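Pasting start_11.txt here (compact mmCIF, N, CA and C atoms):
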# COMPACT_ATOMS: atom_id res chain seq x y z
N MET A 61 17.77 39.80 -27.66
CA MET A 61 16.43 40.33 -27.74
C MET A 61 16.31 41.11 -29.04
N ILE A 62 15.20 40.93 -29.72
CA ILE A 62 14.96 41.61 -30.98
C ILE A 62 13.73 42.48 -30.84
N ARG A 63 13.88 43.75 -31.13
CA ARG A 63 12.75 44.65 -31.12
C ARG A 63 12.19 44.67 -32.54
N ALA A 64 10.96 44.21 -32.67
CA ALA A 64 10.36 44.06 -34.00
C ALA A 64 9.40 45.19 -34.31
N GLU A 65 9.75 46.38 -33.90
CA GLU A 65 8.90 47.54 -34.12
C GLU A 65 8.63 47.71 -35.61
N GLY A 66 7.35 47.87 -35.94
CA GLY A 66 6.97 48.11 -37.32
C GLY A 66 6.77 46.84 -38.13
N SER A 67 7.11 45.68 -37.60
CA SER A 67 6.90 44.43 -38.32
C SER A 67 5.44 44.00 -38.24
N SER A 68 5.02 43.26 -39.23
CA SER A 68 3.68 42.68 -39.16
C SER A 68 3.71 41.54 -38.16
N PHE A 69 2.54 41.14 -37.68
CA PHE A 69 2.48 40.03 -36.72
C PHE A 69 3.02 38.75 -37.35
N LYS A 70 2.72 38.53 -38.61
CA LYS A 70 3.24 37.35 -39.30
C LYS A 70 4.76 37.37 -39.31
N GLN A 71 5.36 38.51 -39.68
CA GLN A 71 6.82 38.62 -39.70
C GLN A 71 7.42 38.42 -38.31
N PHE A 72 6.78 39.02 -37.31
CA PHE A 72 7.28 38.90 -35.95
C PHE A 72 7.23 37.45 -35.47
N VAL A 73 6.11 36.77 -35.72
CA VAL A 73 5.98 35.38 -35.30
C VAL A 73 6.97 34.50 -36.08
N ASP A 74 7.14 34.76 -37.36
CA ASP A 74 8.16 34.03 -38.13
C ASP A 74 9.52 34.18 -37.45
N LEU A 75 9.85 35.38 -37.05
CA LEU A 75 11.12 35.66 -36.39
C LEU A 75 11.22 34.92 -35.05
N CYS A 76 10.16 34.96 -34.26
CA CYS A 76 10.16 34.30 -32.95
C CYS A 76 10.33 32.79 -33.06
N LEU A 77 9.72 32.21 -34.08
CA LEU A 77 9.72 30.75 -34.21
C LEU A 77 10.90 30.21 -35.02
N ALA A 78 11.65 31.09 -35.65
CA ALA A 78 12.81 30.65 -36.44
C ALA A 78 13.85 29.99 -35.53
N GLY A 79 14.21 28.77 -35.85
CA GLY A 79 15.25 28.08 -35.10
C GLY A 79 14.82 27.52 -33.76
N LYS A 80 13.52 27.53 -33.46
CA LYS A 80 13.09 26.99 -32.16
C LYS A 80 13.33 25.49 -32.13
N ASN A 81 13.54 24.96 -30.93
CA ASN A 81 13.84 23.54 -30.83
C ASN A 81 12.86 22.77 -29.95
N ASP A 82 11.74 23.39 -29.60
CA ASP A 82 10.67 22.64 -28.94
C ASP A 82 9.33 23.31 -29.25
N ILE A 83 8.25 22.77 -28.71
CA ILE A 83 6.92 23.26 -29.09
C ILE A 83 6.40 24.36 -28.19
N HIS A 84 7.11 24.71 -27.12
CA HIS A 84 6.63 25.70 -26.17
C HIS A 84 6.92 27.13 -26.64
N VAL A 85 5.92 27.99 -26.47
CA VAL A 85 6.04 29.42 -26.72
C VAL A 85 5.39 30.12 -25.53
N VAL A 86 6.09 31.03 -24.90
CA VAL A 86 5.56 31.75 -23.74
C VAL A 86 5.37 33.22 -24.12
N VAL A 87 4.14 33.69 -23.98
CA VAL A 87 3.80 35.07 -24.32
C VAL A 87 3.56 35.84 -23.03
N GLY A 88 4.26 36.94 -22.89
CA GLY A 88 4.15 37.74 -21.68
C GLY A 88 3.05 38.77 -21.77
N PRO A 89 2.86 39.49 -20.67
CA PRO A 89 1.83 40.53 -20.63
C PRO A 89 2.26 41.80 -21.34
N LEU A 90 1.32 42.67 -21.57
CA LEU A 90 1.62 44.01 -22.09
C LEU A 90 2.33 44.77 -20.98
N CYS A 91 3.55 45.22 -21.26
CA CYS A 91 4.39 45.90 -20.25
C CYS A 91 4.91 47.20 -20.83
N TRP A 92 5.55 47.99 -19.98
CA TRP A 92 6.17 49.22 -20.44
C TRP A 92 7.42 49.50 -19.62
N HIS A 93 8.25 50.33 -20.20
CA HIS A 93 9.39 50.89 -19.46
C HIS A 93 9.50 52.35 -19.87
N PRO A 94 10.05 53.18 -19.00
CA PRO A 94 10.14 54.61 -19.32
C PRO A 94 11.10 54.84 -20.49
N ASN A 95 10.76 55.83 -21.30
CA ASN A 95 11.65 56.17 -22.41
C ASN A 95 12.35 57.50 -22.13
N ASP A 96 13.23 57.89 -23.01
CA ASP A 96 14.05 59.10 -22.82
C ASP A 96 13.25 60.39 -22.85
N SER A 97 12.07 60.37 -23.42
CA SER A 97 11.26 61.59 -23.52
C SER A 97 10.26 61.71 -22.38
N GLY A 98 10.39 60.86 -21.36
CA GLY A 98 9.50 60.93 -20.20
C GLY A 98 8.21 60.17 -20.39
N GLY A 99 8.04 59.49 -21.49
CA GLY A 99 6.85 58.69 -21.74
C GLY A 99 7.09 57.22 -21.46
N LYS A 100 6.25 56.39 -22.06
CA LYS A 100 6.35 54.94 -21.87
C LYS A 100 6.51 54.26 -23.22
N ASP A 101 7.40 53.27 -23.26
CA ASP A 101 7.51 52.38 -24.40
C ASP A 101 6.82 51.07 -24.03
N TRP A 102 5.75 50.75 -24.72
CA TRP A 102 4.96 49.55 -24.46
C TRP A 102 5.47 48.40 -25.32
N TYR A 103 5.40 47.17 -24.79
CA TYR A 103 5.89 46.01 -25.52
C TYR A 103 5.26 44.72 -24.99
N VAL A 104 5.33 43.68 -25.81
CA VAL A 104 4.98 42.31 -25.42
C VAL A 104 6.19 41.46 -25.73
N THR A 105 6.52 40.53 -24.83
CA THR A 105 7.67 39.66 -25.00
C THR A 105 7.19 38.24 -25.32
N VAL A 106 7.89 37.59 -26.25
CA VAL A 106 7.62 36.20 -26.61
C VAL A 106 8.90 35.42 -26.36
N ALA A 107 8.80 34.32 -25.59
CA ALA A 107 9.97 33.50 -25.28
C ALA A 107 9.84 32.13 -25.93
N THR A 108 10.96 31.65 -26.43
CA THR A 108 11.06 30.33 -27.03
C THR A 108 12.42 29.75 -26.66
N SER A 109 12.71 28.59 -27.19
CA SER A 109 14.03 27.99 -27.00
C SER A 109 14.64 27.74 -28.37
N GLY A 110 15.87 28.19 -28.55
CA GLY A 110 16.58 27.99 -29.81
C GLY A 110 17.57 26.86 -29.70
N ALA A 111 17.82 26.21 -30.81
CA ALA A 111 18.71 25.05 -30.84
C ALA A 111 20.12 25.38 -30.37
N GLU A 112 20.61 26.57 -30.68
CA GLU A 112 21.99 26.90 -30.35
C GLU A 112 22.17 27.47 -28.95
N HIS A 113 21.22 28.30 -28.50
CA HIS A 113 21.44 29.04 -27.26
C HIS A 113 20.40 28.79 -26.17
N GLY A 114 19.43 27.92 -26.40
CA GLY A 114 18.40 27.68 -25.40
C GLY A 114 17.45 28.85 -25.30
N PHE A 115 17.12 29.26 -24.08
CA PHE A 115 16.16 30.33 -23.83
C PHE A 115 16.47 31.58 -24.66
N ARG A 116 15.42 32.11 -25.32
CA ARG A 116 15.55 33.39 -26.02
C ARG A 116 14.23 34.13 -25.90
N HIS A 117 14.29 35.44 -26.02
CA HIS A 117 13.07 36.23 -25.98
C HIS A 117 13.15 37.35 -26.99
N ASP A 118 12.00 37.61 -27.60
CA ASP A 118 11.87 38.65 -28.60
C ASP A 118 10.79 39.62 -28.12
N GLN A 119 10.88 40.83 -28.57
CA GLN A 119 9.99 41.88 -28.07
C GLN A 119 9.34 42.60 -29.25
N ILE A 120 8.03 42.78 -29.16
CA ILE A 120 7.33 43.57 -30.17
C ILE A 120 6.82 44.84 -29.50
N VAL A 121 7.12 45.96 -30.10
CA VAL A 121 6.70 47.25 -29.58
C VAL A 121 5.20 47.42 -29.87
N VAL A 122 4.47 47.91 -28.88
CA VAL A 122 3.02 48.09 -28.98
C VAL A 122 2.72 49.59 -28.94
N PRO A 123 2.31 50.16 -30.06
CA PRO A 123 2.02 51.60 -30.08
C PRO A 123 0.93 51.98 -29.07
N ASP A 124 1.23 52.97 -28.25
CA ASP A 124 0.26 53.52 -27.28
C ASP A 124 -0.32 52.49 -26.33
N GLY A 125 0.35 51.35 -26.13
CA GLY A 125 -0.13 50.34 -25.19
C GLY A 125 -1.44 49.69 -25.60
N ASP A 126 -1.70 49.63 -26.89
CA ASP A 126 -2.96 49.08 -27.42
C ASP A 126 -3.08 47.60 -27.06
N PRO A 127 -4.04 47.24 -26.18
CA PRO A 127 -4.16 45.85 -25.75
C PRO A 127 -4.57 44.88 -26.86
N SER A 128 -5.10 45.38 -27.97
CA SER A 128 -5.50 44.48 -29.06
C SER A 128 -4.29 43.81 -29.71
N TYR A 129 -3.09 44.39 -29.52
CA TYR A 129 -1.88 43.80 -30.09
C TYR A 129 -1.62 42.42 -29.51
N SER A 130 -1.83 42.24 -28.23
CA SER A 130 -1.61 40.93 -27.61
C SER A 130 -2.53 39.89 -28.23
N GLY A 131 -3.78 40.25 -28.42
CA GLY A 131 -4.73 39.32 -29.03
C GLY A 131 -4.36 38.98 -30.45
N ALA A 132 -3.94 39.97 -31.23
CA ALA A 132 -3.54 39.72 -32.61
C ALA A 132 -2.30 38.84 -32.67
N LEU A 133 -1.38 39.05 -31.75
CA LEU A 133 -0.18 38.23 -31.69
C LEU A 133 -0.55 36.79 -31.36
N LEU A 134 -1.41 36.59 -30.37
CA LEU A 134 -1.84 35.24 -30.01
C LEU A 134 -2.57 34.57 -31.18
N LEU A 135 -3.41 35.32 -31.88
CA LEU A 135 -4.13 34.77 -33.03
C LEU A 135 -3.15 34.27 -34.09
N GLU A 136 -2.11 35.03 -34.35
CA GLU A 136 -1.11 34.59 -35.33
C GLU A 136 -0.39 33.33 -34.84
N LEU A 137 -0.08 33.26 -33.54
CA LEU A 137 0.58 32.07 -32.99
C LEU A 137 -0.33 30.85 -33.08
N TYR A 138 -1.63 31.03 -32.80
CA TYR A 138 -2.57 29.90 -32.84
C TYR A 138 -2.62 29.25 -34.21
N GLN A 139 -2.28 29.99 -35.24
CA GLN A 139 -2.33 29.45 -36.59
C GLN A 139 -1.10 28.61 -36.94
N ARG A 140 -0.12 28.59 -36.06
CA ARG A 140 1.11 27.83 -36.28
C ARG A 140 1.06 26.56 -35.44
N ARG A 141 0.97 25.45 -36.04
CA ARG A 141 0.87 24.20 -35.29
C ARG A 141 2.05 23.30 -35.63
N PRO A 142 2.49 22.45 -34.75
CA PRO A 142 2.03 22.29 -33.38
C PRO A 142 2.81 23.22 -32.44
N LEU A 143 2.10 23.88 -31.57
CA LEU A 143 2.70 24.72 -30.54
C LEU A 143 1.92 24.55 -29.25
N VAL A 144 2.61 24.68 -28.14
CA VAL A 144 1.97 24.82 -26.84
C VAL A 144 2.19 26.26 -26.44
N ILE A 145 1.11 27.05 -26.41
CA ILE A 145 1.22 28.48 -26.15
C ILE A 145 0.85 28.74 -24.69
N HIS A 146 1.75 29.34 -23.97
CA HIS A 146 1.53 29.72 -22.57
C HIS A 146 1.32 31.23 -22.56
N ASP A 147 0.14 31.66 -22.19
CA ASP A 147 -0.21 33.09 -22.17
C ASP A 147 -0.13 33.57 -20.72
N CYS A 148 0.90 34.33 -20.39
CA CYS A 148 1.13 34.77 -19.01
C CYS A 148 0.67 36.21 -18.84
N ASP A 149 0.00 36.49 -17.75
CA ASP A 149 -0.46 37.86 -17.49
C ASP A 149 0.40 38.58 -16.46
N ASP A 150 1.57 38.01 -16.16
CA ASP A 150 2.46 38.59 -15.16
C ASP A 150 3.90 38.27 -15.55
N GLU A 151 4.78 39.28 -15.51
CA GLU A 151 6.18 39.09 -15.89
C GLU A 151 6.90 38.06 -15.02
N LEU A 152 6.63 38.08 -13.72
CA LEU A 152 7.29 37.13 -12.83
C LEU A 152 6.81 35.71 -13.12
N GLN A 153 5.52 35.55 -13.33
CA GLN A 153 4.98 34.24 -13.70
C GLN A 153 5.65 33.74 -14.98
N MET A 154 5.80 34.64 -15.95
CA MET A 154 6.45 34.28 -17.21
C MET A 154 7.89 33.84 -16.99
N ALA A 155 8.64 34.61 -16.21
CA ALA A 155 10.05 34.28 -15.95
C ALA A 155 10.17 32.95 -15.23
N ARG A 156 9.31 32.70 -14.26
CA ARG A 156 9.37 31.42 -13.53
C ARG A 156 9.04 30.24 -14.44
N LEU A 157 8.06 30.41 -15.31
CA LEU A 157 7.71 29.35 -16.26
C LEU A 157 8.87 29.09 -17.23
N CYS A 158 9.45 30.15 -17.76
CA CYS A 158 10.58 29.99 -18.68
C CYS A 158 11.76 29.30 -18.00
N GLU A 159 11.96 29.61 -16.74
CA GLU A 159 13.06 28.98 -16.00
C GLU A 159 12.82 27.48 -15.83
N ILE A 160 11.56 27.08 -15.68
CA ILE A 160 11.23 25.66 -15.60
C ILE A 160 11.41 24.99 -16.96
N LEU A 161 10.92 25.64 -18.01
CA LEU A 161 10.99 25.06 -19.35
C LEU A 161 12.41 25.00 -19.90
N TRP A 162 13.18 26.08 -19.70
CA TRP A 162 14.51 26.21 -20.30
C TRP A 162 15.52 26.71 -19.27
N PRO A 163 15.87 25.90 -18.29
CA PRO A 163 16.76 26.37 -17.23
C PRO A 163 18.13 26.79 -17.78
N CYS A 164 18.53 27.99 -17.39
CA CYS A 164 19.86 28.49 -17.75
C CYS A 164 20.13 29.75 -16.92
N LYS A 165 21.35 30.20 -16.92
CA LYS A 165 21.73 31.37 -16.13
C LYS A 165 20.99 32.63 -16.58
N ARG A 166 20.79 32.81 -17.89
CA ARG A 166 20.12 34.02 -18.38
C ARG A 166 18.72 34.17 -17.83
N ILE A 167 17.93 33.10 -17.86
CA ILE A 167 16.55 33.23 -17.37
C ILE A 167 16.52 33.31 -15.85
N THR A 168 17.45 32.63 -15.19
CA THR A 168 17.52 32.75 -13.72
C THR A 168 17.85 34.19 -13.34
N ASP A 169 18.80 34.81 -14.04
CA ASP A 169 19.15 36.21 -13.78
C ASP A 169 17.95 37.13 -14.04
N LEU A 170 17.21 36.89 -15.12
CA LEU A 170 16.02 37.70 -15.41
C LEU A 170 14.96 37.55 -14.33
N ARG A 171 14.72 36.30 -13.90
CA ARG A 171 13.74 36.08 -12.83
C ARG A 171 14.14 36.82 -11.57
N LYS A 172 15.41 36.72 -11.20
CA LYS A 172 15.89 37.40 -10.00
C LYS A 172 15.76 38.91 -10.12
N ALA A 173 15.99 39.44 -11.31
CA ALA A 173 15.85 40.89 -11.53
C ALA A 173 14.40 41.33 -11.34
N VAL A 174 13.46 40.56 -11.84
CA VAL A 174 12.04 40.90 -11.66
C VAL A 174 11.68 40.80 -10.18
N GLU A 175 12.18 39.79 -9.49
CA GLU A 175 11.91 39.66 -8.06
C GLU A 175 12.48 40.85 -7.29
N ARG A 176 13.70 41.27 -7.62
CA ARG A 176 14.29 42.44 -6.96
C ARG A 176 13.46 43.70 -7.23
N GLU A 177 13.04 43.85 -8.47
CA GLU A 177 12.22 45.01 -8.85
C GLU A 177 10.95 45.07 -8.03
N ARG A 178 10.41 43.93 -7.67
CA ARG A 178 9.18 43.86 -6.87
C ARG A 178 9.44 43.78 -5.38
N GLY A 179 10.70 43.80 -5.00
CA GLY A 179 11.02 43.73 -3.58
C GLY A 179 10.86 42.35 -2.98
N LEU A 180 10.97 41.30 -3.80
CA LEU A 180 10.79 39.93 -3.33
C LEU A 180 12.10 39.22 -3.08
N ALA A 181 13.20 39.82 -3.50
CA ALA A 181 14.50 39.14 -3.37
C ALA A 181 15.15 39.45 -2.04
Representation of the structure as structure tokens:
Amino acid sequence: MIRAEGSSFKQFVDLCLAGKNDIHVVVGPLCWHPNDSGGKDWYVTVATSGAEHGFRHDQIVVPDGDPSYSGALLLELYQRRPLVIHDCDDELQMARLCEILWPCKRITDLRKAVERERGLA
């Protein structure tokens, strides 16, 4: 996972698409996790498949949870063709889709972790 904090959307998308081996790109919802100072670190995750390792995901930090970041990220992706962009509004939906597209132990473990977090496992 790469945290692309401070990168431009163009740089981040370049990073996400570097070495991809198919046309699918899965964009997750705006999410957060608690940080050490008692606040929230907001982020959006982009998943692709790489030639060497299969499923991979990159993360862009979103200052103050600004929802316009997701739109700007999608706009930058739309300019890169050919791509099939899957825009997911739920982490579990994203994990399940990635598991279908790029089956491997890493994404199965991530899906199971999200299910456990939600009390579904």
Notebook entry, point to check: Could you name the residues that touch stretch 76-78 of chain A at 8 Å or less, counting only C-alpha atoms, but leaving out those on the same chain fewer than 6 positions away, as a PyMOL selection string?
Noted result: chain A and resi 106-108+117-118
Restricting it to N, CA and C atoms, dump the selection as a compact mmCIF listing (two decimals), in the frame of the given file.
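Contents of result02.txt, as written:
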# COMPACT_ATOMS: atom_id res chain seq x y z
N VAL A 106 7.89 37.59 -26.25
CA VAL A 106 7.62 36.20 -26.61
C VAL A 106 8.90 35.42 -26.36
N ALA A 107 8.80 34.32 -25.59
CA ALA A 107 9.97 33.50 -25.28
C ALA A 107 9.84 32.13 -25.93
N THR A 108 10.96 31.65 -26.43
CA THR A 108 11.06 30.33 -27.03
C THR A 108 12.42 29.75 -26.66
N HIS A 117 14.29 35.44 -26.02
CA HIS A 117 13.07 36.23 -25.98
C HIS A 117 13.15 37.35 -26.99
N ASP A 118 12.00 37.61 -27.60
CA ASP A 118 11.87 38.65 -28.60
C ASP A 118 10.79 39.62 -28.12
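When only N, CA and C atoms are used to measure the gap to A:Glu136, the shortest distance among A:Leu152, A:Lys70, A:Val122, A:Asp169 belongs to A:Lys70.
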Could you pull out all residues of chain A with a DSSP call of helix (DSSP H, G or I) and give them as an mmCIF file with N, CA and C atoms, in the coordinates of the input?
data_model
loop_
_atom_site.group_PDB
_atom_site.id
_atom_site.type_symbol
_atom_site.label_atom_id
_atom_site.label_comp_id
_atom_site.auth_asym_id
_atom_site.auth_seq_id
_atom_site.Cartn_x
_atom_site.Cartn_y
_atom_site.Cartn_z
ATOM 1 N N PHE A 69 2.540 41.140 -37.680
ATOM 2 C CA PHE A 69 2.480 40.030 -36.720
ATOM 3 C C PHE A 69 3.020 38.750 -37.350
ATOM 4 N N LYS A 70 2.720 38.530 -38.610
ATOM 5 C CA LYS A 70 3.240 37.350 -39.300
ATOM 6 C C LYS A 70 4.760 37.370 -39.310
ATOM 7 N N GLN A 71 5.360 38.510 -39.680
ATOM 8 C CA GLN A 71 6.820 38.620 -39.700
ATOM 9 C C GLN A 71 7.420 38.420 -38.310
ATOM 10 N N PHE A 72 6.780 39.020 -37.310
ATOM 11 C CA PHE A 72 7.280 38.900 -35.950
ATOM 12 C C PHE A 72 7.230 37.450 -35.470
ATOM 13 N N VAL A 73 6.110 36.770 -35.720
ATOM 14 C CA VAL A 73 5.980 35.380 -35.300
ATOM 15 C C VAL A 73 6.970 34.500 -36.080
ATOM 16 N N ASP A 74 7.140 34.760 -37.360
ATOM 17 C CA ASP A 74 8.160 34.030 -38.130
ATOM 18 C C ASP A 74 9.520 34.180 -37.450
ATOM 19 N N LEU A 75 9.850 35.380 -37.050
ATOM 20 C CA LEU A 75 11.120 35.660 -36.390
ATOM 21 C C LEU A 75 11.220 34.920 -35.050
ATOM 22 N N CYS A 76 10.160 34.960 -34.260
ATOM 23 C CA CYS A 76 10.160 34.300 -32.950
ATOM 24 C C CYS A 76 10.330 32.790 -33.060
ATOM 25 N N LEU A 77 9.720 32.210 -34.080
ATOM 26 C CA LEU A 77 9.720 30.750 -34.210
ATOM 27 C C LEU A 77 10.900 30.210 -35.020
ATOM 28 N N PRO A 123 2.310 50.160 -30.060
ATOM 29 C CA PRO A 123 2.020 51.600 -30.080
ATOM 30 C C PRO A 123 0.930 51.980 -29.070
ATOM 31 N N ASP A 124 1.230 52.970 -28.250
ATOM 32 C CA ASP A 124 0.260 53.520 -27.280
ATOM 33 C C ASP A 124 -0.320 52.490 -26.330
ATOM 34 N N GLY A 125 0.350 51.350 -26.130
ATOM 35 C CA GLY A 125 -0.130 50.340 -25.190
ATOM 36 C C GLY A 125 -1.440 49.690 -25.600
ATOM 37 N N SER A 128 -5.100 45.380 -27.970
ATOM 38 C CA SER A 128 -5.500 44.480 -29.060
ATOM 39 C C SER A 128 -4.290 43.810 -29.710
ATOM 40 N N TYR A 129 -3.090 44.390 -29.520
ATOM 41 C CA TYR A 129 -1.880 43.800 -30.090
ATOM 42 C C TYR A 129 -1.620 42.420 -29.510
ATOM 43 N N SER A 130 -1.830 42.240 -28.230
ATOM 44 C CA SER A 130 -1.610 40.930 -27.610
ATOM 45 C C SER A 130 -2.530 39.890 -28.230
ATOM 46 N N GLY A 131 -3.780 40.250 -28.420
ATOM 47 C CA GLY A 131 -4.730 39.320 -29.030
ATOM 48 C C GLY A 131 -4.360 38.980 -30.450
ATOM 49 N N ALA A 132 -3.940 39.970 -31.230
ATOM 50 C CA ALA A 132 -3.540 39.720 -32.610
ATOM 51 C C ALA A 132 -2.300 38.840 -32.670
ATOM 52 N N LEU A 133 -1.380 39.050 -31.750
ATOM 53 C CA LEU A 133 -0.180 38.230 -31.690
ATOM 54 C C LEU A 133 -0.550 36.790 -31.360
ATOM 55 N N LEU A 134 -1.410 36.590 -30.370
ATOM 56 C CA LEU A 134 -1.840 35.240 -30.010
ATOM 57 C C LEU A 134 -2.570 34.570 -31.180
ATOM 58 N N LEU A 135 -3.410 35.320 -31.880
ATOM 59 C CA LEU A 135 -4.130 34.770 -33.030
ATOM 60 C C LEU A 135 -3.150 34.270 -34.090
ATOM 61 N N GLU A 136 -2.110 35.030 -34.350
ATOM 62 C CA GLU A 136 -1.110 34.590 -35.330
ATOM 63 C C GLU A 136 -0.390 33.330 -34.840
ATOM 64 N N LEU A 137 -0.080 33.260 -33.540
ATOM 65 C CA LEU A 137 0.580 32.070 -32.990
ATOM 66 C C LEU A 137 -0.330 30.850 -33.080
ATOM 67 N N TYR A 138 -1.630 31.030 -32.800
ATOM 68 C CA TYR A 138 -2.570 29.900 -32.840
ATOM 69 C C TYR A 138 -2.620 29.250 -34.210
ATOM 70 N N GLU A 151 4.780 39.280 -15.510
ATOM 71 C CA GLU A 151 6.180 39.090 -15.890
ATOM 72 C C GLU A 151 6.900 38.060 -15.020
ATOM 73 N N LEU A 152 6.630 38.080 -13.720
ATOM 74 C CA LEU A 152 7.290 37.130 -12.830
ATOM 75 C C LEU A 152 6.810 35.710 -13.120
ATOM 76 N N GLN A 153 5.520 35.550 -13.330
ATOM 77 C CA GLN A 153 4.980 34.240 -13.700
ATOM 78 C C GLN A 153 5.650 33.740 -14.980
ATOM 79 N N MET A 154 5.800 34.640 -15.950
ATOM 80 C CA MET A 154 6.450 34.280 -17.210
ATOM 81 C C MET A 154 7.890 33.840 -16.990
ATOM 82 N N ALA A 155 8.640 34.610 -16.210
ATOM 83 C CA ALA A 155 10.050 34.280 -15.950
ATOM 84 C C ALA A 155 10.170 32.950 -15.230
ATOM 85 N N ARG A 156 9.310 32.700 -14.260
ATOM 86 C CA ARG A 156 9.370 31.420 -13.530
ATOM 87 C C ARG A 156 9.040 30.240 -14.440
ATOM 88 N N LEU A 157 8.060 30.410 -15.310
ATOM 89 C CA LEU A 157 7.710 29.350 -16.260
ATOM 90 C C LEU A 157 8.870 29.090 -17.230
ATOM 91 N N CYS A 158 9.450 30.150 -17.760
ATOM 92 C CA CYS A 158 10.580 29.990 -18.680
ATOM 93 C C CYS A 158 11.760 29.300 -18.000
ATOM 94 N N GLU A 159 11.960 29.610 -16.740
ATOM 95 C CA GLU A 159 13.060 28.980 -16.000
ATOM 96 C C GLU A 159 12.820 27.480 -15.830
ATOM 97 N N ILE A 160 11.560 27.080 -15.680
ATOM 98 C CA ILE A 160 11.230 25.660 -15.600
ATOM 99 C C ILE A 160 11.410 24.990 -16.960
ATOM 100 N N LEU A 161 10.920 25.640 -18.010
ATOM 101 C CA LEU A 161 10.990 25.060 -19.350
ATOM 102 C C LEU A 161 12.410 25.000 -19.900
ATOM 103 N N LYS A 165 21.350 30.200 -16.920
ATOM 104 C CA LYS A 165 21.730 31.370 -16.130
ATOM 105 C C LYS A 165 20.990 32.630 -16.580
ATOM 106 N N ARG A 166 20.790 32.810 -17.890
ATOM 107 C CA ARG A 166 20.120 34.020 -18.380
ATOM 108 C C ARG A 166 18.720 34.170 -17.830
ATOM 109 N N ILE A 167 17.930 33.100 -17.860
ATOM 110 C CA ILE A 167 16.550 33.230 -17.370
ATOM 111 C C ILE A 167 16.520 33.310 -15.850
ATOM 112 N N THR A 168 17.450 32.630 -15.190
ATOM 113 C CA THR A 168 17.520 32.750 -13.720
ATOM 114 C C THR A 168 17.850 34.190 -13.340
ATOM 115 N N ASP A 169 18.800 34.810 -14.040
ATOM 116 C CA ASP A 169 19.150 36.210 -13.780
ATOM 117 C C ASP A 169 17.950 37.130 -14.040
ATOM 118 N N LEU A 170 17.210 36.890 -15.120
ATOM 119 C CA LEU A 170 16.020 37.700 -15.410
ATOM 120 C C LEU A 170 14.960 37.550 -14.330
ATOM 121 N N ARG A 171 14.720 36.300 -13.900
ATOM 122 C CA ARG A 171 13.740 36.080 -12.830
ATOM 123 C C ARG A 171 14.140 36.820 -11.570
ATOM 124 N N LYS A 172 15.410 36.720 -11.200
ATOM 125 C CA LYS A 172 15.890 37.400 -10.000
ATOM 126 C C LYS A 172 15.760 38.910 -10.120
ATOM 127 N N ALA A 173 15.990 39.440 -11.310
ATOM 128 C CA ALA A 173 15.850 40.890 -11.530
ATOM 129 C C ALA A 173 14.400 41.330 -11.340
ATOM 130 N N VAL A 174 13.460 40.560 -11.840
ATOM 131 C CA VAL A 174 12.040 40.900 -11.660
ATOM 132 C C VAL A 174 11.680 40.800 -10.180
ATOM 133 N N GLU A 175 12.180 39.790 -9.490
ATOM 134 C CA GLU A 175 11.910 39.660 -8.060
ATOM 135 C C GLU A 175 12.480 40.850 -7.290
ATOM 136 N N ARG A 176 13.700 41.270 -7.620
ATOM 137 C CA ARG A 176 14.290 42.440 -6.960
ATOM 138 C C ARG A 176 13.460 43.700 -7.230
ATOM 139 N N GLU A 177 13.040 43.850 -8.470
ATOM 140 C CA GLU A 177 12.220 45.010 -8.850
ATOM 141 C C GLU A 177 10.950 45.070 -8.030
#
Could you please give me, as a short mmCIF file (atom, residue, chain, number, x, y, z; two decimals) with N, CA and C atoms, keeping the file's coordinate frame, the residues of protein, DNA or RNA lying at most 10 Å from (18.2, 24.9, -32.1) in the coordinate frame of the file, considering only C-alpha atoms?
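Once written, point.cif looks like this:
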data_model
loop_
_atom_site.label_atom_id
_atom_site.label_comp_id
_atom_site.auth_asym_id
_atom_site.auth_seq_id
_atom_site.Cartn_x
_atom_site.Cartn_y
_atom_site.Cartn_z
N ALA A 78 11.65 31.09 -35.65
CA ALA A 78 12.81 30.65 -36.44
C ALA A 78 13.85 29.99 -35.53
N GLY A 79 14.21 28.77 -35.85
CA GLY A 79 15.25 28.08 -35.10
C GLY A 79 14.82 27.52 -33.76
N LYS A 80 13.52 27.53 -33.46
CA LYS A 80 13.09 26.99 -32.16
C LYS A 80 13.33 25.49 -32.13
N ASN A 81 13.54 24.96 -30.93
CA ASN A 81 13.84 23.54 -30.83
C ASN A 81 12.86 22.77 -29.95
N ASP A 82 11.74 23.39 -29.60
CA ASP A 82 10.67 22.64 -28.94
C ASP A 82 9.33 23.31 -29.25
N SER A 109 12.71 28.59 -27.19
CA SER A 109 14.03 27.99 -27.00
C SER A 109 14.64 27.74 -28.37
N GLY A 110 15.87 28.19 -28.55
CA GLY A 110 16.58 27.99 -29.81
C GLY A 110 17.57 26.86 -29.70
N ALA A 111 17.82 26.21 -30.81
CA ALA A 111 18.71 25.05 -30.84
C ALA A 111 20.12 25.38 -30.37
N GLU A 112 20.61 26.57 -30.68
CA GLU A 112 21.99 26.90 -30.35
C GLU A 112 22.17 27.47 -28.95
N HIS A 113 21.22 28.30 -28.50
CA HIS A 113 21.44 29.04 -27.26
C HIS A 113 20.40 28.79 -26.17
N GLY A 114 19.43 27.92 -26.40
CA GLY A 114 18.40 27.68 -25.40
C GLY A 114 17.45 28.85 -25.30
#
Check: At what distance in Å, to one decimal, does atom CA of A:Arg140 lie from atom CA of A:Trp92?
Finding: 27.1 Å
Notebook entry, point to check: If I put a ball of radius 8 Å at (0.9, 21.9, -23.0) in the file's coordinates, which residues poke into it when counting all atoms listed in the file, written as a VMD selection string?
Noted result: chain A and resid 83 to 84 143 to 146
Margin query: To one decimal place in Å, what is the distance between atom N of A:Trp162 and atom N of A:Phe115?
Written below: 6.7 Å
Margin query: For A:Glu175, find every residue with an atom within 12 Å (counting only C-alpha atoms), except residues of its own chain fewer than 6 positions away, and show them as JSON, numbers by chain.
Written below: {"A": [150, 151, 152, 153, 154, 155, 156, 168, 169, 181]}
Next item on the list: Please report, as a PyMOL selection string, each residue of chain A to which DSSP assigns strand (DSSP E or B) when run on this structure's backbone.
Entry: chain A and resi 63+80+84-87+91-94+100-110+114-121+144-147
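For the atom pair formed by atom CA of A:Glu159 and atom CA of A:Asp126, the distance is 28.1 Å, given to one decimal.
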